[in-house]
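*Asks:* Pasting coords_5.cif below, which is mmCIF, C-alpha atoms and all ligand atoms.
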data_work
#
loop_
_atom_site.label_atom_id
_atom_site.label_comp_id
_atom_site.auth_asym_id
_atom_site.auth_seq_id
_atom_site.Cartn_x
_atom_site.Cartn_y
_atom_site.Cartn_z
CA MET A 1 41.32 58.23 194.17
CA ASN A 2 39.90 59.93 197.23
CA ILE A 3 42.06 62.99 197.81
CA THR A 4 40.62 65.82 199.87
CA LYS A 5 41.90 69.33 200.30
CA GLN A 6 43.34 70.39 203.64
CA ASN A 7 45.22 73.50 204.76
CA GLN A 8 46.90 75.86 202.31
CA ILE A 9 50.66 75.45 202.52
CA TYR A 10 51.80 77.98 199.95
CA GLU A 11 50.49 80.81 197.83
CA GLY A 12 52.48 81.92 194.83
CA LYS A 13 51.78 84.55 192.21
CA ALA A 14 49.58 82.34 190.04
CA LYS A 15 48.73 79.29 192.15
CA LYS A 16 47.89 78.10 195.63
CA VAL A 17 49.10 74.77 196.97
CA PHE A 18 47.14 72.75 199.52
CA ALA A 19 48.05 69.77 201.65
CA THR A 20 45.73 66.77 201.34
CA ASN A 21 44.66 63.79 203.42
CA ASN A 22 47.57 61.90 201.78
CA PRO A 23 51.10 63.26 202.40
CA ALA A 24 52.22 62.01 198.98
CA TYR A 25 49.89 64.44 197.20
CA TYR A 26 49.13 68.14 197.02
CA ILE A 27 46.28 69.94 195.34
CA VAL A 28 47.19 73.01 193.26
CA GLU A 29 44.65 75.70 192.49
CA TYR A 30 45.25 78.07 189.58
CA LYS A 31 44.33 81.75 189.99
CA ASP A 32 43.51 84.47 187.46
CA ASP A 33 46.11 86.80 189.02
CA ALA A 34 48.84 87.88 186.66
CA THR A 35 52.13 89.50 187.58
CA ALA A 36 55.17 90.54 185.58
CA PHE A 37 58.57 92.07 186.22
CA ASN A 38 58.95 90.27 189.52
CA GLY A 39 55.57 91.40 190.80
CA LEU A 40 55.95 95.10 189.86
CA LYS A 41 53.08 94.83 187.37
CA LYS A 42 49.90 93.24 188.67
CA GLY A 43 46.59 92.42 187.04
CA THR A 44 43.96 89.83 186.32
CA ILE A 45 43.50 87.78 183.20
CA THR A 46 39.93 86.52 183.39
CA GLY A 47 39.72 82.78 182.88
CA LYS A 48 43.51 82.32 182.88
CA GLY A 49 43.48 79.95 185.86
CA VAL A 50 41.12 77.57 184.09
CA ILE A 51 43.12 77.61 180.86
CA ASN A 52 46.50 77.23 182.59
CA ASN A 53 45.22 74.33 184.70
CA ARG A 54 43.68 72.46 181.80
CA MET A 55 46.50 73.25 179.38
CA SER A 56 49.22 72.23 181.84
CA ASN A 57 47.48 68.94 182.41
CA ILE A 58 47.23 68.27 178.67
CA MET A 59 50.95 69.04 178.37
CA PHE A 60 51.88 66.87 181.36
CA ARG A 61 49.92 63.95 179.86
CA LEU A 62 51.78 64.49 176.58
CA MET A 63 55.10 64.44 178.46
CA GLU A 64 54.18 61.23 180.29
CA LYS A 65 53.32 59.64 176.93
CA ASN A 66 56.84 60.53 175.86
CA GLY A 67 58.49 59.01 178.91
CA ILE A 68 58.98 62.21 180.94
CA HIS A 69 57.85 61.81 184.53
CA THR A 70 55.74 64.68 185.86
CA HIS A 71 53.93 65.64 189.05
CA PHE A 72 50.51 65.36 187.34
CA VAL A 73 48.07 62.95 188.97
CA GLU A 74 44.45 63.92 188.33
CA GLU A 75 42.44 66.96 187.27
CA LEU A 76 39.80 67.64 189.94
CA SER A 77 38.01 70.66 188.51
CA ASP A 78 38.48 73.62 186.17
CA ARG A 79 41.08 75.11 188.46
CA GLU A 80 42.25 72.27 190.72
CA THR A 81 44.61 69.38 190.12
CA VAL A 82 46.08 66.66 192.31
CA VAL A 83 49.87 66.54 191.95
CA ARG A 84 52.61 64.49 193.54
CA ALA A 85 54.14 66.22 196.55
CA VAL A 86 57.65 67.31 195.60
CA LYS A 87 60.27 69.72 196.88
CA ILE A 88 60.78 72.26 194.13
CA VAL A 89 64.41 72.75 193.08
CA PRO A 90 64.69 76.55 193.33
CA LEU A 91 65.69 77.10 189.70
CA GLU A 92 63.92 78.56 186.71
CA ILE A 93 64.95 76.24 183.92
CA ILE A 94 64.72 78.12 180.65
CA ILE A 95 65.02 76.72 177.15
CA ARG A 96 65.13 79.00 174.13
CA ASN A 97 64.72 78.19 170.45
CA VAL A 98 64.39 81.78 169.24
CA ALA A 99 65.81 84.94 170.82
CA ALA A 100 63.31 87.01 172.83
CA GLY A 101 62.82 88.84 176.11
CA SER A 102 65.72 89.09 178.52
CA PHE A 103 68.01 87.05 176.21
CA SER A 104 67.57 89.55 173.38
CA LYS A 105 68.27 92.44 175.75
CA ARG A 106 71.26 90.81 177.41
CA TYR A 107 73.04 89.85 174.20
CA GLY A 108 71.76 92.60 171.89
CA VAL A 109 70.08 90.12 169.56
CA GLU A 110 66.85 91.06 167.77
CA GLU A 111 63.71 89.27 168.96
CA GLY A 112 62.75 86.54 166.53
CA ARG A 113 66.29 85.47 165.55
CA GLU A 114 66.36 81.70 165.27
CA LEU A 115 69.10 80.26 167.49
CA LEU A 116 71.51 77.79 165.87
CA SER A 117 70.72 75.30 168.63
CA PRO A 118 68.36 75.32 171.60
CA THR A 119 69.91 76.97 174.66
CA LEU A 120 69.47 76.18 178.32
CA GLU A 121 69.90 78.65 181.14
CA PHE A 122 69.13 78.75 184.84
CA SER A 123 67.95 81.49 187.15
CA LEU A 124 67.93 81.11 190.90
CA LYS A 125 64.31 81.31 192.09
CA ASP A 126 64.62 84.12 194.61
CA ASP A 127 62.32 87.13 194.31
CA ALA A 128 64.36 89.18 196.79
CA LEU A 129 67.38 88.83 194.48
CA ASN A 130 65.33 89.26 191.30
CA ASP A 131 65.93 85.67 190.10
CA PRO A 132 69.60 86.12 189.09
CA LEU A 133 71.14 84.01 186.33
CA ILE A 134 73.17 81.16 187.81
CA ASN A 135 75.59 78.74 186.18
CA ASP A 136 76.14 75.02 186.72
CA SER A 137 79.14 75.36 188.97
CA HIS A 138 77.37 77.94 191.17
CA ILE A 139 74.38 75.59 191.44
CA ILE A 140 76.60 72.77 192.63
CA ALA A 141 78.79 74.93 194.88
CA LEU A 142 75.72 76.39 196.60
CA GLY A 143 74.07 72.98 196.96
CA VAL A 144 71.02 74.08 194.97
CA ALA A 145 71.23 70.78 193.08
CA SER A 146 73.78 67.99 192.79
CA GLU A 147 75.76 67.17 189.66
CA GLN A 148 73.53 64.14 189.00
CA GLU A 149 70.38 66.16 189.55
CA LEU A 150 71.64 68.80 187.13
CA GLU A 151 72.25 66.10 184.55
CA SER A 152 68.65 64.84 184.95
CA ILE A 153 67.33 68.41 184.76
CA ARG A 154 69.30 69.14 181.56
CA ASN A 155 68.12 65.94 179.88
CA MET A 156 64.55 66.53 180.96
CA ALA A 157 64.54 70.14 179.74
CA PHE A 158 65.81 69.32 176.24
CA LYS A 159 63.41 66.37 175.96
CA VAL A 160 60.48 68.59 176.99
CA ASN A 161 61.59 71.03 174.29
CA ASP A 162 61.68 68.33 171.60
CA VAL A 163 58.20 67.11 172.50
CA MET A 164 56.71 70.60 172.79
CA LYS A 165 58.31 71.95 169.62
CA GLU A 166 56.88 69.13 167.55
CA PHE A 167 53.46 69.36 169.18
CA PHE A 168 53.15 73.13 168.72
CA ALA A 169 54.46 73.04 165.13
CA GLY A 170 51.51 70.74 164.43
CA ILE A 171 49.04 73.41 165.55
CA GLY A 172 50.68 76.33 163.76
CA ILE A 173 52.62 77.70 166.71
CA LYS A 174 56.33 78.50 167.05
CA LEU A 175 57.69 77.65 170.47
CA ILE A 176 60.05 80.56 171.13
CA ASP A 177 61.10 79.76 174.70
CA PHE A 178 59.72 78.44 177.97
CA LYS A 179 60.41 77.99 181.67
CA ILE A 180 59.94 74.78 183.61
CA GLU A 181 60.57 73.75 187.18
CA ALA A 182 61.86 70.48 188.57
CA GLY A 183 60.66 68.72 191.70
CA ARG A 184 62.37 66.19 193.95
CA LEU A 185 60.40 63.14 195.07
CA PRO A 186 61.17 61.65 198.51
CA ASN A 187 63.17 58.90 196.73
CA GLY A 188 65.37 61.55 195.10
CA GLU A 189 63.94 61.25 191.60
CA ILE A 190 63.71 64.50 189.64
CA ILE A 191 60.38 65.05 187.89
CA LEU A 192 58.73 67.83 185.91
CA ALA A 193 56.59 70.07 188.14
CA ASP A 194 54.93 73.52 188.21
CA GLU A 195 53.02 74.39 185.00
CA ILE A 196 53.30 74.66 181.22
CA SER A 197 51.08 77.50 180.03
CA PRO A 198 51.04 80.82 178.17
CA ASP A 199 52.29 82.32 181.47
CA THR A 200 55.50 80.33 181.22
CA CYS A 201 56.08 79.92 177.48
CA ARG A 202 56.36 82.22 174.48
CA PHE A 203 54.10 81.14 171.63
CA TRP A 204 54.05 82.93 168.28
CA ASP A 205 51.62 82.18 165.48
CA ALA A 206 53.69 80.40 162.83
CA LYS A 207 52.26 82.45 159.95
CA THR A 208 51.84 85.93 161.41
CA ASN A 209 54.28 85.88 164.38
CA GLU A 210 51.40 87.20 166.50
CA LYS A 211 52.21 86.74 170.19
CA LEU A 212 49.83 84.32 171.92
CA ASP A 213 51.23 84.39 175.46
CA LYS A 214 51.83 86.49 178.55
CA ASP A 215 53.90 89.04 176.61
CA ARG A 216 50.50 90.52 175.62
CA PHE A 217 50.02 91.34 179.31
CA ARG A 218 53.64 92.27 180.06
CA ARG A 219 53.82 94.66 177.10
CA ASP A 220 50.21 95.95 177.12
CA LEU A 221 49.52 94.59 173.64
CA GLY A 222 45.79 94.07 174.24
CA ASN A 223 43.66 90.98 173.53
CA VAL A 224 45.28 89.12 176.41
CA GLU A 225 42.31 86.85 177.21
CA GLU A 226 41.76 86.20 173.50
CA ALA A 227 45.36 84.99 173.11
CA TYR A 228 45.02 82.50 175.98
CA HIS A 229 41.75 81.26 174.49
CA GLU A 230 43.27 80.93 171.01
CA ILE A 231 46.16 78.80 172.27
CA PHE A 232 43.83 76.64 174.34
CA LYS A 233 41.43 76.18 171.39
CA ARG A 234 44.25 74.98 169.13
CA ILE A 235 45.57 72.60 171.79
CA SER A 236 42.12 71.19 172.50
CA ASN A 237 41.50 70.54 168.79
CA ALA A 238 44.90 68.88 168.30
N1 LIG A 301 59.56 82.93 182.44
C1 LIG A 301 58.69 82.52 183.43
N2 LIG A 301 58.85 83.01 184.70
C2 LIG A 301 59.80 83.92 185.02
C3 LIG A 301 60.69 84.34 184.01
C4 LIG A 301 60.55 83.82 182.73
O1 LIG A 301 57.82 81.69 183.19
O2 LIG A 301 59.88 84.34 186.19
C5 LIG A 301 59.41 82.41 181.07
C6 LIG A 301 58.92 83.46 180.09
O3 LIG A 301 57.51 83.40 179.97
C7 LIG A 301 59.58 83.07 178.81
C8 LIG A 301 60.87 82.39 179.25
O4 LIG A 301 60.69 82.03 180.61
O5 LIG A 301 58.78 82.10 178.12
C9 LIG A 301 62.09 83.27 179.11
O6 LIG A 301 61.86 84.49 179.77
P1 LIG A 301 62.93 85.68 179.74
O7 LIG A 301 64.13 85.27 180.48
O8 LIG A 301 63.10 86.16 178.35
O9 LIG A 301 62.28 86.74 180.68
P2 LIG A 301 61.34 87.99 180.49
O10 LIG A 301 61.54 88.55 179.13
O11 LIG A 301 59.99 87.40 180.71
O12 LIG A 301 61.80 88.87 181.60
#
Could I get this file's structure written as C-alpha cells?
Ligand code: UDP
*Replies:*
Amino acid sequence: MNITKQNQIYEGKAKKVFATNNPAYYIVEYKDDATAFNGLKKGTITGKGVINNRMSNIMFRLMEKNGIHTHFVEELSDRETVVRAVKIVPLEIIIRNVAAGSFSKRYGVEEGRELLSPTLEFSLKDDALNDPLINDSHIIALGVASEQELESIRNMAFKVNDVMKEFFAGIGIKLIDFKIEAGRLPNGEIILADEISPDTCRFWDAKTNEKLDKDRFRRDLGNVEEAYHEIFKRISNA
C-alpha cells in the first residue's frame, strides 16, 4: 500500500490526523502530550505516543479477529498508522465493569466495587460543554446518531468489552472501564475508531489492584511511564 502523508486536518489532545494521497485513508500520529480534566491539567508522558500507537493497533487486530470492524489499516512507524477515513460520531462511549472515576463520584459508590453487569453510558464529545452525559433519546432527538446507529454502537461496545475483558484477564489485568469512539464510513457502516490505550482505559493489576493507566497521571501517583511500559510489556508477551 502506497499511502503518503499530506496536510494536517486535525490536531487533538493526543493525536494528529493527516489527509493522504487517497481520500479513503488518513494517517494518525500519536503524541506524548497528556491532558486531563478537559485540558486543565497538561503534561508529557515520554514514550506514550509510541505505546498507544502500537497497543491500539494490537487491540484493533484482536477486534478484527473477533469480527469487529475497525478503522485500522496499517502501522507505518512507531507513532504513525494508516486508518480508514471516517466521520467520528461525537460521543464518548463508555463501558464499565467496576465502579471508578466519575461513576463512583456521581453515584457515591466506592472505587473497585464490581458492577452486577457491565454498564454503557454516553457523553457528548464537546469540550466547551465539558462532555456532558447524554442519553439515547437525546442522541436521537439531536441527530447525533440514528436509532440504528445507536444499536450498532451498543452491540459493538459490549462485544469490545467481552473481547478485551477476556484478553486482559489472561495477562493478569482487570479491565475496570474504557472509552471508545465510533466512526461512520461513507457507506454508513459504523466501525470502531480512535484508540484503545492506557489513556482511554482503566487497567488494574489483578493481584495488587495497582493502577496501570492514565489515572497515575491524573492523580499524580508517580511511575506514569513505568505503568504504560508494564501494560505494553504484558500485551506484547501475550
Ligand atoms: N475516558 C476517556 N476520555 C475522556 C473521559 C473518559 O478516555 O474524555 C475514559 C477513562 O480513561 C476511563 C473511562 O473513560 O477509562 C471512564 O472515565 P470516567 O467517566 O470515570 O471519567 P474520569 O474519571 O476520567 O473523569
*Asks:* Enumerate, in order of chain and increasing residue number, the residues of chain A with an atom no farther than 7 Å from ligand LIG 301 (chain A), each with its shortest atom pair and distance in Å to one decimal, counting all atoms listed in the file, as CSV.
*Replies:*
residue,atom,partner,partner_atom,distance
A:Phe37,CA,A:LIG301,O12,6.5
A:Asn38,CA,A:LIG301,O2,6.9
A:Glu92,CA,A:LIG301,C2,7.0
A:Ile94,CA,A:LIG301,O4,5.6
A:Ala100,CA,A:LIG301,O8,5.6
A:Gly101,CA,A:LIG301,O10,3.3
A:Ser102,CA,A:LIG301,O8,3.9
A:Phe103,CA,A:LIG301,O8,5.4
A:Asp177,CA,A:LIG301,O5,4.7
A:Phe178,CA,A:LIG301,O5,3.8
A:Lys179,CA,A:LIG301,O4,4.2
A:Asp199,CA,A:LIG301,O3,5.5
A:Thr200,CA,A:LIG301,O1,3.3
A:Cys201,CA,A:LIG301,O5,3.5
A:Arg202,CA,A:LIG301,O5,4.4
A:Lys214,CA,A:LIG301,O3,6.6
*Asks:* Residues of range 77-140 of chain A that have any atom at most 9 Å from an atom of range 191-195 of chain A: could you tabulate them with the shortest-distance atom pair and the distance in Å to one decimal, using all atoms listed in the file, ordered by chain and increasing number, as a tab-separated table?
*Replies:*
residue	atom	partner	partner_atom	distance
A:Val83	CA	A:Ala193	CA	8.5
A:Arg84	CA	A:Ala193	CA	8.7
A:Val86	CA	A:Ala193	CA	8.0
A:Ile88	CA	A:Ala193	CA	7.6
*Asks:* Which residue gives the smallest distance to Phe72 in chain A among A:Tyr25, A:Ala36, A:Phe203, A:Gly12, with only C-alpha atoms counted?
*Replies:*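 That would be A:Tyr25, the residue with the smallest distance to Phe72 in chain A.
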*Asks:* Please list as a ChimeraX atom specification every residue within 12 Å of Tyr10 in chain A, counting all atoms listed in the file and excluding residues in the same chain fewer than 3 positions away.
*Replies:* /A:6-7,13-19,26-29
*Asks:* Which is closest to Gly183 in chain A among A:Glu121, A:Ser152, A:Gly39, A:Met63, if we use all atoms listed in the file?
*Replies:*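 Residue with the minimum atom-to-atom distance to Gly183 in chain A: A:Ser152.
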*Asks:* Can you check which parts of range 106-212 of chain A lie within 12 Å of range 57-62 of chain A? Per residue, the shortest pair of atoms and distance in Å to one decimal, counting all atoms listed in the file, sorted by chain and number, as CSV.
*Replies:*
residue,atom,partner,partner_atom,distance
A:Lys159,CA,A:Leu62,CA,11.8
A:Val160,CA,A:Leu62,CA,9.6
A:Asn161,CA,A:Met59,CA,11.6
A:Asp162,CA,A:Leu62,CA,11.7
A:Val163,CA,A:Leu62,CA,8.0
A:Met164,CA,A:Met59,CA,8.2
A:Lys165,CA,A:Met59,CA,11.8
A:Glu166,CA,A:Leu62,CA,11.4
A:Phe167,CA,A:Leu62,CA,9.0
A:Phe168,CA,A:Met59,CA,10.7
A:Ile180,CA,A:Phe60,CA,11.5
A:Ile191,CA,A:Phe60,CA,10.9
A:Leu192,CA,A:Phe60,CA,8.3
A:Ala193,CA,A:Phe60,CA,8.9
A:Asp194,CA,A:Phe60,CA,10.0
A:Glu195,CA,A:Asn57,CA,8.2
A:Ile196,CA,A:Met59,CA,6.7
A:Ser197,CA,A:Met59,CA,8.6
A:Pro198,CA,A:Met59,CA,11.8
*Asks:* Can you check which parts of range 162-181 of chain A lie within 12 Å of range 216-236 of chain A? Per residue, the shortest pair of atoms and distance in Å to one decimal, counting all atoms listed in the file, sorted by chain and number, as a Markdown table.
*Replies:*
| residue | atom | partner | partner_atom | distance |
| --- | --- | --- | --- | --- |
| A:Met164 | CA | A:Ile235 | CA | 11.4 |
| A:Phe167 | CA | A:Ile235 | CA | 8.9 |
| A:Phe168 | CA | A:Ile235 | CA | 8.2 |
| A:Ala169 | CA | A:Ile235 | CA | 11.1 |
| A:Gly170 | CA | A:Arg234 | CA | 9.6 |
| A:Ile171 | CA | A:Arg234 | CA | 6.2 |
| A:Gly172 | CA | A:Arg234 | CA | 8.5 |
| A:Ile173 | CA | A:Ile231 | CA | 8.6 |
| A:Lys174 | CA | A:Ile231 | CA | 11.4 |
| A:Leu175 | CA | A:Ile231 | CA | 11.7 |
*Asks:* Would you please work out which residue, of A:Val82, A:Leu116, A:Met1, A:Ile190, is nearest to Ala99 in chain A when using only C-alpha atoms?
*Replies:*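 Of A:Val82, A:Leu116, A:Met1, A:Ile190, the one nearest Ala99 in chain A, counting only C-alpha atoms, is A:Leu116.
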*Asks:* Rounded to one decimal in Å, what is the spacing between CA of Ala145 in chain A and CA of Val89 in chain A?
*Replies:*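 Going from CA of Ala145 in chain A over to CA of Val89 in chain A, I get 7.1 Å.
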*Asks:* Work out how far CA of Lys31 in chain A is from CA of Ala182 in chain A, in Å to one decimal.
*Replies:*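 Separating CA of Ala182 in chain A from CA of Lys31 in chain A is a distance of 20.9 Å.
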*Asks:* Report as a CSV table (one decimal) with C-alpha atoms, in the coordinates of the input all protein, DNA and RNA residues lying within 8 Å of Lys125 in chain A, evaluated on only C-alpha atoms, omitting residues in the same chain fewer than 6 positions from it.
*Replies:*
chain,number,residue,atom,x,y,z
A,90,PRO,CA,64.7,76.6,193.3
A,91,LEU,CA,65.7,77.1,189.7
A,92,GLU,CA,63.9,78.6,186.7
A,131,ASP,CA,65.9,85.7,190.1
A,132,PRO,CA,69.6,86.1,189.1
